[in-house]
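J.: Can you read through this structure? Questions will come right after.
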Amino acid sequence: MGDILEFKNICKSYPGVRALQDVSFSAKSGNVLALLGENGAGKSTLLRILSGDVSPNSGKITINGEEQIYSAPNDAIKMGISVISQERQLVPSLTVMENIFPGAQPKTKLGTIDKKKLRSESNAIIDKFAMPIDPDDLVGRLSVAHQQMVEIMKAYRRNSRIIAFDEPTAPLTESEINVLFGLIDQLKAEGKIIIYVSHRLAEIFQVTDEIVVLKDGLLVSQLTTSQTNENELIKAMIGRDLGDTYANLKRNDQIGDVILEVKDLNTNKLKDVSFTIRKGEVLGFAGLIGAGRTEVARAVFGADMISSGEIHFDGKKVTFKEPKDAIKAGIALCPEDRKDQGLLLFRTIRENVTMPILSRIKSGLFLNKKLERELTEEAVRQYTIRTPSINKITRELSGGNQQKVILGRWTNSRNSTKLLILDEPTKGIDVGTKAEIYQLVCDLAKSGLAVIFISSELTEVINVADRIIVMQNGQITGTVMREEATEENVLSLAMLV
Amino acid sequence: MQQKIMRLIRSKEAVLLLITIVIFVAFTINNDNFRRMGNLQGIMQTMSVTGVMTVGMALLFIGGGIDLSMTFVALFSGVICATMIAMGIPWPLAILITLVLGACLGAINAFFITKVNVMSFIMTIALSQMLQGVNLIITNAQDIAVTVEGFRWGARMLWIFPIPFVIMTLLIVGFGLILTKTRFGRSIYMVGGNEYAARLAGINPKKVRAILYIIAGTLSSLAGVMFTSRMASAAPAAAADWQMNAVTAAILGGVAFGGGSGSMIGCLIGIAMLNIFNFGLTSIGLATQWITMASGALLLIALTMDFLNERSRKKSLGLITTKKKLKLQKGV
């Protein structure tokens with residue numbers, strides 16, 4: 001008894017991003033350790049390193065002083081590590097007992113699966129946790145909460161010494177959360193090491209013993225839960241410094257009439273979302289990942305079904321069935337995932353820029369290639385896209401230049417864009433280009449465009465936007481003007497239930 | 001200008017053309033039969049039927065689809081056309097009706113694939129099988145002869161070129177223009193390259209795909225009519241390898257099976273390469289069964305090349321992550 005898990009000097013970088021820098025801490029058995037931090041602080045990367053999904057550039061993981069080396073995907077499991085991620089790792093078409101014993105079902109003498117033994121062993125585990133689940137139930141028919149329980153039982157069956165939970169309560173209701181916490185207490189009493197990742201501060205105070213706070217890939221503090229409070233945690237999580245970038249922005253001060261009004265918008269992910277945005281205004285959307293910001297953008301853009309609510313655009317009540325209709329009305333969306341949702345990676349800058357305006361650059365039957373070239377060159381100039389030629393394939397551009405290509409798609413002279421929605425426009429982009437994009441956003445606002453600026457980086461959204469809407473769980477929890485916005489007040493709106 | 005020429009020389013199409021010429025020259029040197037004019041015309045004649053189908057298949061590939069009902073749409077069209085002519089309907093009208101029918105069959109594919117969300121190759125195989133049955137029912141498994149002299153244009157020449165070859169060439173030029181110069185052509189690349197991004201840029205991917213299936217149906221139908229015209233009879237169940245040849249030719253011609261890239265020039269080279277290869281093997285006296293096997297091997301080689309190509313594209317993008325690799329290893 002008394003296992004100790006240690007992370008020693010873990011470093012991990014991806015092209016352009018340092019996800020973790022020299023992170024060291026340890027966790028003891030019988031303790032619940034919380035990993036806390038903003039989006040992109042490095043929590044998920046750390047869990048993925050723990051599960052052997054990615055390997056660190058340097059540093060090591062030790063259990064009881066012994067270094068753990070992963071060479072195959074199964075190794076983490078063999079070492080007694082189970083990571084229960086947000087994506088279920090269950091087979092929905094198989095039964096509960098088959099899922100509890102994946103690849104390890106007890107066998108009969110003939111080599112077939114011993115169903116009787118499988119059932120009785122599964123029942124023993126289910127009874128231990130007092131779950132209202134039958135071993136013969138199909139996992140696909142269980143509620144999300146019960147599926148999660150099956151995952152926990154799977155980890156328990158493997159005799160895991162270390163169980164990590166990534167946002168386990170996100171899909172659960174109040175009473176289900178209590179059942180989960182009971183389970184965690186039980187595991188804790190058995191001397192397991194528990195790592196608990198969550199954005200919900202209240203929960204962290206409820207179940208954890210220790211807290212590790214990460215920020216931009218650095219460990220900023222390690223605290224004992226009973227000796228800290230919410231304010232101290234929030235302070236530890238925030239405070240990034242981008243120098244004078246924000247102070248030097250030339251902003252638009254001519255804010256015009258209302259261009260978009262959304263009233264009581266409901267979809268399967270959003271609840272009663274209402275807001276307005278004016279011409280020339282930069283409206284920020286802050287919140288944690290999964291708070292519903294992207295869903296608002298998609299609903300307004302006609303990409304997702306709306307179950308109820310009204311949208312008024314440019315003085316008219318509108319219903320967009322397809323993005324096509326929204327584009328026609330003058331709304332543009334730069335999606336959050338440039339590569340998967342935005343670009344034709346294997347086509348040229350030229351073809352990517354003119355995607356939505358092909359009907360406007362036709363002369364007769366054929367496309368007017370000269371006009372297409374001119375428009376693309378205009379975009380390249382306006383946004384200083386660094387490329388030797390407009391015929392370069394977009395996947396060969398840097399992230400920042402790719403983002404500029406998408407901006408150029410929506411804002412050239414042949415477009416009639418009135419509202420531009422930017423979803424995470426600076427994700428994975430270097431600091432210099434970020435500053436350029438902030439100024440471009442302000443310039444676009446100056447030209448009379450309304451801009452919705454969605455970002456998971458708090459500092460960025462409260463410094464670039466004129467007004468910030470904060471979301472949580474598909475609902476708007478507050479609106480803050482830039483002058484009053486601090487990371488503290490925005491983050492507390494985004495996190496506290 | 002110089003840059004343009006360099007790009008042309010380095011392009012995928014140029015490499016393919018070179019390979020084709022090498023194959024051609026190799027057969028020519030080795031075999032006197034191969035060189036004769038009649039033989040060349042024979043190659044052109046044969047390649048036209050699969051060539052027209054290849055155009056349809058290539059368009060679908062670029063747009064991210066596939067049609068495996070082509071052979072039987074073609075045979076069915078031949079049977080219908082021959083039957084109508086036998087009933088005394090003037091042949092141009094019979095052809096027109098047949099082509100409309102082909103478009104309707106394409107529309108059936110399009111409906112189930114885009115509206116009912118049936119997977120494309122399952123749907124087209126289903127239609128293919130239905131037509132296979134219908135063909136035998138209509139014809140009682142007998143060939144239908146066409147005796148009207150005017151309908152035999154499929155066997156005639158326009159100067160030194162067989163008429164079907166001229167039709168195929170016109171189609172390649174026409175669709176080449178559509179692909180490179182029109183809005184619709186551009187939309188095909190968008191939908192095949194990144195359907196999601198295309199939708200967010202205001203394209204309706206389902207509509208684009210639906211049109212492609214209708215085009216493919218019409219072209220298959222035309223191929224069937226051409227074949228019937230050349231042979232002066234329609235067979236209910238001949239030549240089952242047509243559409244496989246179309247798949248092979250399109251992939252040999254550098255059209256990406258996964259969608260988003262390919263060209264009509266490449267397509268033409270692919271058709272030529274496959275047919276010269278087959279004809280060459282025939283001319284050196286190889287038996288048909290061996291040639292069929294060789295074509296299969298050629299398809300496998302082409303697909304492997306396409307796979308390697310795709311993989312290097314994805315790798316360079318970092319789309320294959322550790323996580324995906326793990327999933328593959330685990331077989332989940």
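In the structure tokens, chains take letters A, B, ... by order of appearance, with residues numbered from 1 within each chain and ligands from 1 in the order shown.
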Got a sec to tell me which of region 111-292 of chain A DSSP assigns to alpha helix (DSSP H), as a ChimeraX atom specification?
T.: /A:115-128,144-157,174-189,201-207,230-237
J.: Applying 6 Å and only C-alpha atoms, which residues near region 470-479 of chain A remain after dropping the ones on its own chain fewer than 4 positions away? List them as a PyMOL selection string.
T.: chain A and resi 269-271+285-287+291-292+494
J.: Once you have the residues from the selection above, write them out as a PDB file, in the first residue's frame, restricted to N, CA and C atoms.
T.:
```pdb
ATOM      1  N   LYS A 269     -28.377  22.144 -27.946  1.00  0.00           N
ATOM      2  CA  LYS A 269     -27.239  22.455 -27.079  1.00  0.00           C
ATOM      3  C   LYS A 269     -27.370  23.826 -26.389  1.00  0.00           C
ATOM      4  N   LEU A 270     -28.340  24.634 -26.825  1.00  0.00           N
ATOM      5  CA  LEU A 270     -28.445  25.997 -26.309  1.00  0.00           C
ATOM      6  C   LEU A 270     -29.784  26.221 -25.625  1.00  0.00           C
ATOM      7  N   LYS A 271     -29.754  27.082 -24.610  1.00  0.00           N
ATOM      8  CA  LYS A 271     -31.000  27.352 -23.908  1.00  0.00           C
ATOM      9  C   LYS A 271     -31.221  28.864 -23.793  1.00  0.00           C
ATOM     10  N   PHE A 285     -17.270  36.446 -27.222  1.00  0.00           N
ATOM     11  CA  PHE A 285     -17.950  35.349 -26.540  1.00  0.00           C
ATOM     12  C   PHE A 285     -16.898  34.589 -25.748  1.00  0.00           C
ATOM     13  N   ALA A 286     -17.044  34.623 -24.400  1.00  0.00           N
ATOM     14  CA  ALA A 286     -16.094  33.907 -23.567  1.00  0.00           C
ATOM     15  C   ALA A 286     -16.798  32.717 -22.941  1.00  0.00           C
ATOM     16  N   GLY A 287     -16.020  31.793 -22.466  1.00  0.00           N
ATOM     17  CA  GLY A 287     -16.582  30.609 -21.833  1.00  0.00           C
ATOM     18  C   GLY A 287     -15.624  29.460 -21.998  1.00  0.00           C
ATOM     19  N   ALA A 291     -19.070  25.309 -23.761  1.00  0.00           N
ATOM     20  CA  ALA A 291     -20.049  26.188 -23.117  1.00  0.00           C
ATOM     21  C   ALA A 291     -21.188  26.556 -24.071  1.00  0.00           C
ATOM     22  N   GLY A 292     -20.975  26.356 -25.375  1.00  0.00           N
ATOM     23  CA  GLY A 292     -22.043  26.630 -26.340  1.00  0.00           C
ATOM     24  C   GLY A 292     -21.750  27.806 -27.247  1.00  0.00           C
ATOM     25  N   ALA A 494     -17.943  32.246 -16.035  1.00  0.00           N
ATOM     26  CA  ALA A 494     -17.825  31.078 -16.899  1.00  0.00           C
ATOM     27  C   ALA A 494     -17.782  29.772 -16.109  1.00  0.00           C
TER      28      ALA A 494
END
```
J.: Can you check which parts of chain B lie within 7 Å of chain A? Per residue, the shortest pair of atoms and distance in Å to one decimal, counting only C-alpha atoms, sorted by chain and number, as a tab-separated table.
T.:
```
residue	atom	partner	partner_atom	distance
B:Lys181	CA	A:Phe366	CA	5.2
B:Thr182	CA	A:Phe366	CA	4.7
B:Arg183	CA	A:Leu358	CA	5.9
B:Met190	CA	A:Leu344	CA	6.7
B:Gly193	CA	A:Leu344	CA	5.9
B:Asn194	CA	A:Leu344	CA	5.8
B:Tyr196	CA	A:Gln341	CA	5.5
B:Ala197	CA	A:Gln341	CA	4.5
B:Arg199	CA	A:Pro323	CA	6.7
B:Leu200	CA	A:Pro323	CA	5.8
B:Ala201	CA	A:Pro356	CA	5.0
B:Gly202	CA	A:Lys324	CA	3.9
B:Ile203	CA	A:Lys324	CA	6.5
B:Thr322	CA	A:Asp53	CA	6.3
B:Lys323	CA	A:Asp53	CA	6.0
B:Leu326	CA	A:Pro73	CA	6.3
```
J.: Considering only C-alpha atoms, return as a compact mmCIF listing (two decimals) with N, CA and C atoms, in the first residue's frame whatever protein or nucleic-acid residues lie within 12 Å of region 38-42 of chain B, sequence-local ones (same chain, fewer than 3 positions apart) excluded.
T.:
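This went into out_18.txt:
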```
# COMPACT_ATOMS: atom_id res chain seq x y z
N PHE B 24 3.65 2.08 -74.87
CA PHE B 24 3.30 2.04 -76.29
C PHE B 24 4.52 1.69 -77.14
N THR B 28 5.35 -1.55 -79.48
CA THR B 28 5.57 -1.30 -80.90
C THR B 28 6.86 -1.95 -81.38
N ASN B 31 6.57 -5.82 -81.41
CA ASN B 31 5.53 -6.49 -82.17
C ASN B 31 5.09 -5.68 -83.39
N ASP B 32 5.18 -6.33 -84.55
CA ASP B 32 4.83 -5.63 -85.78
C ASP B 32 3.33 -5.38 -85.91
N ASN B 33 2.55 -6.34 -85.41
CA ASN B 33 1.10 -6.22 -85.49
C ASN B 33 0.59 -4.94 -84.86
N PHE B 34 1.22 -4.61 -83.74
CA PHE B 34 0.75 -3.52 -82.91
C PHE B 34 0.73 -2.19 -83.65
N ARG B 35 1.71 -2.04 -84.56
CA ARG B 35 1.92 -0.76 -85.23
C ARG B 35 0.84 -0.40 -86.24
N GLN B 45 -11.34 2.45 -80.80
CA GLN B 45 -12.70 1.94 -80.81
C GLN B 45 -13.08 1.33 -79.45
N THR B 46 -12.19 0.46 -78.95
CA THR B 46 -12.48 -0.24 -77.70
C THR B 46 -12.46 0.70 -76.51
N MET B 47 -11.51 1.61 -76.50
CA MET B 47 -11.37 2.45 -75.31
C MET B 47 -12.55 3.39 -75.13
N SER B 48 -13.29 3.65 -76.21
CA SER B 48 -14.33 4.68 -76.12
C SER B 48 -15.44 4.31 -75.14
N ALA B 155 -19.71 2.01 -85.61
CA ALA B 155 -18.64 1.27 -86.28
C ALA B 155 -18.00 2.11 -87.39
N ARG B 156 -18.49 3.36 -87.59
CA ARG B 156 -17.97 4.17 -88.70
C ARG B 156 -16.84 5.09 -88.26
N MET B 157 -16.21 5.67 -89.28
CA MET B 157 -15.07 6.55 -89.02
C MET B 157 -15.41 8.00 -89.37
N LEU B 158 -14.81 8.90 -88.63
CA LEU B 158 -14.83 10.30 -89.02
C LEU B 158 -13.37 10.58 -89.38
N TRP B 159 -13.09 10.70 -90.70
CA TRP B 159 -11.73 10.73 -91.19
C TRP B 159 -11.00 9.49 -90.69
N ILE B 160 -9.95 9.59 -89.88
CA ILE B 160 -9.30 8.35 -89.44
C ILE B 160 -9.73 7.94 -88.02
N PHE B 161 -10.67 8.70 -87.45
CA PHE B 161 -11.06 8.39 -86.07
C PHE B 161 -12.43 7.72 -85.98
N PRO B 162 -12.53 6.67 -85.20
CA PRO B 162 -13.85 6.06 -85.00
C PRO B 162 -14.78 7.07 -84.32
N ILE B 163 -16.05 7.07 -84.72
CA ILE B 163 -17.00 8.05 -84.16
C ILE B 163 -17.11 7.97 -82.62
N PRO B 164 -17.17 6.75 -82.03
CA PRO B 164 -17.22 6.71 -80.56
C PRO B 164 -16.03 7.41 -79.91
N PHE B 165 -14.87 7.28 -80.55
CA PHE B 165 -13.67 7.93 -80.02
C PHE B 165 -13.83 9.45 -80.05
N VAL B 166 -14.44 9.93 -81.16
CA VAL B 166 -14.66 11.37 -81.27
C VAL B 166 -15.61 11.84 -80.16
N ARG B 230 -22.10 -0.13 -82.19
CA ARG B 230 -20.93 -0.72 -82.82
C ARG B 230 -21.15 -2.21 -83.14
N ALA B 272 -6.14 5.66 -71.94
CA ALA B 272 -5.20 5.24 -72.98
C ALA B 272 -4.23 4.20 -72.44
N ASN B 275 -5.85 0.77 -71.95
CA ASN B 275 -6.20 0.08 -73.19
C ASN B 275 -4.98 -0.34 -74.00
N ILE B 276 -3.97 0.51 -74.01
CA ILE B 276 -2.74 0.13 -74.71
C ILE B 276 -2.13 -1.09 -74.04
N ASN B 278 -3.71 -3.43 -72.27
CA ASN B 278 -4.51 -4.62 -72.61
C ASN B 278 -4.29 -5.08 -74.05
N PHE B 279 -4.32 -4.09 -74.96
CA PHE B 279 -4.17 -4.40 -76.37
C PHE B 279 -2.80 -4.96 -76.66
N GLY B 280 -1.82 -4.38 -76.02
CA GLY B 280 -0.44 -4.83 -76.19
C GLY B 280 -0.30 -6.28 -75.77
N THR B 282 -2.62 -8.47 -75.67
CA THR B 282 -3.32 -9.30 -76.65
C THR B 282 -2.44 -9.53 -77.87
N SER B 283 -1.81 -8.45 -78.31
CA SER B 283 -1.05 -8.53 -79.56
C SER B 283 0.18 -9.41 -79.41
```
J.: Given the choices B:Met70, B:Ile43, B:Leu17, B:Leu219, which gets closest to Ile167 (chain B) if the distance is worked out from only C-alpha atoms?
T.: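 Distance minimum relative to Ile167 (chain B) lands on B:Leu219.
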J.: For Asp216 (chain A), work out the shell of residues within 8 Å, counting only C-alpha atoms and skipping chain neighbours fewer than 5 positions away, then give it as a ChimeraX atom specification.
T.: /A:18-20,40-42
J.: Put those residues in a file: C-alpha atoms, as a tab-separated table (two decimals), in the first residue's frame.
T.:
```
chain	number	residue	atom	x	y	z
A	18	ARG	CA	4.76	24.52	-25.83
A	19	ALA	CA	2.04	22.45	-24.22
A	20	LEU	CA	3.94	21.53	-21.06
A	40	GLY	CA	-5.09	25.07	-23.26
A	41	ALA	CA	-3.27	25.12	-19.93
A	42	GLY	CA	-2.00	21.61	-20.56
```
J.: Can you list, as a list in words, every residue of region 43-161 of chain A that DSSP puts in strand (DSSP E or B)?
T.: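 Strand (DSSP E or B) members of region 43-161 of chain A, listed: Ser58, Gly59, Lys60, Ile61, Thr62, Ile63, Glu66, Glu67, Ile81, Ser82, Val83, Ile84, Thr95, Lys107, Ile113 and Leu138 of chain A.
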J.: B:Ser77, B:Thr218, B:Thr83, B:Ser229: which is nearest Arg152 (chain B), counting only C-alpha atoms?
T.: B:Ser229
J.: List the neighbours of region 204-217 of chain B out to 10 Å using only C-alpha atoms; skip same-chain residues closer than 4 positions along the sequence, and give me the result as an MDAnalysis selection string.
T.: (chainID A and resid 322:324) or (chainID B and resid 52:67 69:70 73:74 99:115 120 124 184:185 187:188 190:192 194:200 221:223)
J.: For the selection you just gave me, I'd like the residues written to a file as a PDB file, in the first residue's frame, keeping C-alpha atoms.
T.:
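Below is the file part-v1.pdb, written as the result:
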```
ATOM      1  CA  GLU A 322     -28.493  26.289 -44.846  1.00  0.00           C
ATOM      2  CA  PRO A 323     -25.276  28.291 -44.481  1.00  0.00           C
ATOM      3  CA  LYS A 324     -25.908  29.322 -48.077  1.00  0.00           C
TER       4      LYS A 324
ATOM      5  CA  VAL B  52     -17.071   7.449 -71.538  1.00  0.00           C
ATOM      6  CA  MET B  53     -17.749   5.602 -68.298  1.00  0.00           C
ATOM      7  CA  THR B  54     -14.378   6.627 -66.951  1.00  0.00           C
ATOM      8  CA  VAL B  55     -15.359  10.265 -67.415  1.00  0.00           C
ATOM      9  CA  GLY B  56     -18.406   9.688 -65.196  1.00  0.00           C
ATOM     10  CA  MET B  57     -16.447   7.661 -62.666  1.00  0.00           C
ATOM     11  CA  ALA B  58     -13.675  10.249 -62.493  1.00  0.00           C
ATOM     12  CA  LEU B  59     -16.170  13.070 -61.898  1.00  0.00           C
ATOM     13  CA  LEU B  60     -17.720  11.067 -59.064  1.00  0.00           C
ATOM     14  CA  PHE B  61     -14.330  10.246 -57.560  1.00  0.00           C
ATOM     15  CA  ILE B  62     -13.335  13.912 -57.584  1.00  0.00           C
ATOM     16  CA  GLY B  63     -16.599  14.761 -55.837  1.00  0.00           C
ATOM     17  CA  GLY B  64     -16.106  11.964 -53.309  1.00  0.00           C
ATOM     18  CA  GLY B  65     -18.532   9.336 -54.666  1.00  0.00           C
ATOM     19  CA  ILE B  66     -18.530   6.096 -56.635  1.00  0.00           C
ATOM     20  CA  ASP B  67     -20.953   4.393 -59.014  1.00  0.00           C
ATOM     21  CA  SER B  69     -24.018   0.367 -61.356  1.00  0.00           C
ATOM     22  CA  MET B  70     -22.406   1.662 -64.533  1.00  0.00           C
ATOM     23  CA  VAL B  73     -26.977   0.786 -66.574  1.00  0.00           C
ATOM     24  CA  ALA B  74     -25.051   0.600 -69.865  1.00  0.00           C
ATOM     25  CA  LEU B  99     -30.248   8.757 -72.415  1.00  0.00           C
ATOM     26  CA  VAL B 100     -33.114  10.318 -70.456  1.00  0.00           C
ATOM     27  CA  LEU B 101     -33.711   6.911 -68.916  1.00  0.00           C
ATOM     28  CA  GLY B 102     -30.019   6.725 -67.987  1.00  0.00           C
ATOM     29  CA  ALA B 103     -30.308  10.112 -66.297  1.00  0.00           C
ATOM     30  CA  CYS B 104     -33.340   8.829 -64.361  1.00  0.00           C
ATOM     31  CA  LEU B 105     -31.388   5.781 -63.165  1.00  0.00           C
ATOM     32  CA  GLY B 106     -28.659   8.171 -62.027  1.00  0.00           C
ATOM     33  CA  ALA B 107     -31.319  10.177 -60.245  1.00  0.00           C
ATOM     34  CA  ILE B 108     -32.494   7.047 -58.415  1.00  0.00           C
ATOM     35  CA  ASN B 109     -28.933   6.528 -57.171  1.00  0.00           C
ATOM     36  CA  ALA B 110     -28.745  10.206 -56.250  1.00  0.00           C
ATOM     37  CA  PHE B 111     -32.036  10.104 -54.343  1.00  0.00           C
ATOM     38  CA  PHE B 112     -31.146   7.146 -52.153  1.00  0.00           C
ATOM     39  CA  ILE B 113     -27.583   8.307 -51.566  1.00  0.00           C
ATOM     40  CA  THR B 114     -28.279  11.938 -50.722  1.00  0.00           C
ATOM     41  CA  LYS B 115     -31.784  11.747 -49.242  1.00  0.00           C
ATOM     42  CA  SER B 120     -22.892   5.065 -52.271  1.00  0.00           C
ATOM     43  CA  THR B 124     -25.154   1.463 -56.691  1.00  0.00           C
ATOM     44  CA  PHE B 184     -20.018  23.845 -60.860  1.00  0.00           C
ATOM     45  CA  GLY B 185     -16.641  22.300 -61.646  1.00  0.00           C
ATOM     46  CA  SER B 187     -17.830  23.014 -56.468  1.00  0.00           C
ATOM     47  CA  ILE B 188     -17.046  19.370 -57.327  1.00  0.00           C
ATOM     48  CA  MET B 190     -14.734  21.588 -52.955  1.00  0.00           C
ATOM     49  CA  VAL B 191     -17.234  18.892 -52.053  1.00  0.00           C
ATOM     50  CA  GLY B 192     -14.717  16.112 -52.656  1.00  0.00           C
ATOM     51  CA  ASN B 194     -13.671  19.066 -47.792  1.00  0.00           C
ATOM     52  CA  GLU B 195     -17.412  18.636 -47.717  1.00  0.00           C
ATOM     53  CA  TYR B 196     -17.728  20.398 -44.385  1.00  0.00           C
ATOM     54  CA  ALA B 197     -15.806  23.467 -45.460  1.00  0.00           C
ATOM     55  CA  ALA B 198     -17.740  23.537 -48.719  1.00  0.00           C
ATOM     56  CA  ARG B 199     -21.044  23.650 -46.843  1.00  0.00           C
ATOM     57  CA  LEU B 200     -19.824  26.458 -44.595  1.00  0.00           C
ATOM     58  CA  SER B 221     -26.269   4.991 -70.776  1.00  0.00           C
ATOM     59  CA  LEU B 222     -24.409   6.654 -73.644  1.00  0.00           C
ATOM     60  CA  ALA B 223     -21.626   4.088 -73.359  1.00  0.00           C
TER      61      ALA B 223
END
```
J.: Tell me, in Å to one decimal, how far CA of Ile152 (chain A) is from CA of Pro171 (chain A).
T.: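 Calculated distance between CA of Ile152 (chain A) and CA of Pro171 (chain A) is 15.1 Å.
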J.: Identify, on the basis of only C-alpha atoms, every residue whose closest approach to Gly262 (chain B) does not exceed 10 Å; exclude the query and any residue fewer than 2 positions from it along the same chain; express the result as a list in words.
T.: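 Listing them by chain and then by number gives Lys12, Glu13, Ala58, Leu59, Phe61, Ile62, Gly63, Leu179, Tyr189, Ala250, Ile251, Gly253, Gly254, Val255, Ala256, Phe257, Gly259, Gly260, Met264, Ile265, Gly266 and Cys267 of chain B.
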